[in-house]
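A.B. asks: Pasting in a structure now, in structure tokens, and then I'll have a few things to ask.
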Amino acid sequence: MTVNPPTKEEIDALFKQLKAKNSENRICFDCGSKNPTWSSVTYGVYLYMDCSAVHRGMGVHISF
């Protein structure tokens with residue numbers, strides 16, 4: 001059985017749905033900015049794009 005990966009539209013719709021469920025999902029876990037656009041599935045948090053870049057730059061052995 002072949003499973004197709006989700007489309008960008010499906011991912012965007014799910015992200016929007018999850019952010020709408022809880023007010024904490026509408027702000028960046030790191031800096032508090034509104035409307036985060038990146039998520040850490042491992043930790044279940046939403047991050048502003050600039051904050052996510054900082055964490056990714058640190059490497060997974062230090063952050064996420």
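Residue numbers start at 1 in each chain; chains themselves are named A, B, ... in the order of the structure tokens; ligands are numbered from 1 in the order shown.
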If you run DSSP over the backbone, which residues in chain A end up strand (DSSP E)? Put them as a ChimeraX atom specification.

C.D. replies: /A:38-40,45-47

A.B. asks: Which neighbours of stretch 32-45 of chain A fall inside 12 Å, counting only C-alpha atoms, when residues of the same chain fewer than 2 positions from it are skipped, and could you give them as a PDB file with C-alpha atoms, in the first residue's frame?

C.D. replies:
ATOM      1  CA  ILE A  11      -0.345  20.848   6.022  1.00  0.00           C
ATOM      2  CA  ASP A  12      -1.311  24.538   6.058  1.00  0.00           C
ATOM      3  CA  LEU A  14      -3.880  21.411   9.770  1.00  0.00           C
ATOM      4  CA  PHE A  15      -1.453  24.014  11.136  1.00  0.00           C
ATOM      5  CA  LYS A  16      -4.214  26.649  11.022  1.00  0.00           C
ATOM      6  CA  LEU A  18      -4.199  23.484  15.553  1.00  0.00           C
ATOM      7  CA  LYS A  19      -3.359  27.149  16.129  1.00  0.00           C
ATOM      8  CA  ALA A  20      -7.074  27.971  16.391  1.00  0.00           C
ATOM      9  CA  ASN A  22      -5.702  27.001  21.838  1.00  0.00           C
ATOM     10  CA  SER A  23      -4.674  30.621  22.463  1.00  0.00           C
ATOM     11  CA  GLU A  24      -1.165  29.497  23.497  1.00  0.00           C
ATOM     12  CA  ASN A  25      -0.706  28.119  19.972  1.00  0.00           C
ATOM     13  CA  ARG A  26      -1.021  31.631  18.533  1.00  0.00           C
ATOM     14  CA  ILE A  27       2.187  32.988  20.056  1.00  0.00           C
ATOM     15  CA  CYS A  28       5.829  32.000  19.750  1.00  0.00           C
ATOM     16  CA  PHE A  29       6.951  29.787  22.630  1.00  0.00           C
ATOM     17  CA  ASP A  30      10.352  31.500  22.584  1.00  0.00           C
ATOM     18  CA  LEU A  47       7.872  29.237  17.055  1.00  0.00           C
ATOM     19  CA  TYR A  48       8.350  32.444  15.113  1.00  0.00           C
ATOM     20  CA  MET A  49      10.489  31.820  12.013  1.00  0.00           C
ATOM     21  CA  ASP A  50      13.451  33.870  13.331  1.00  0.00           C
ATOM     22  CA  CYS A  51      13.431  31.943  16.619  1.00  0.00           C
ATOM     23  CA  SER A  52      13.286  28.621  14.812  1.00  0.00           C
ATOM     24  CA  ALA A  53      16.339  29.642  12.752  1.00  0.00           C
ATOM     25  CA  HIS A  55      17.386  26.931  17.361  1.00  0.00           C
ATOM     26  CA  ARG A  56      18.176  25.106  14.122  1.00  0.00           C
ATOM     27  CA  VAL A  60      19.935  19.235  17.492  1.00  0.00           C
ATOM     28  CA  SER A  63      18.265  22.644  20.891  1.00  0.00           C
ATOM     29  CA  PHE A  64      15.328  20.694  19.506  1.00  0.00           C
TER      30      PHE A  64
END

A.B. asks: Report, in Å with one decimal, the straight-line distance from atom CA of A:Thr7 to atom CA of A:Gly57.

C.D. replies: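 Those two atoms sit 26.9 Å apart.
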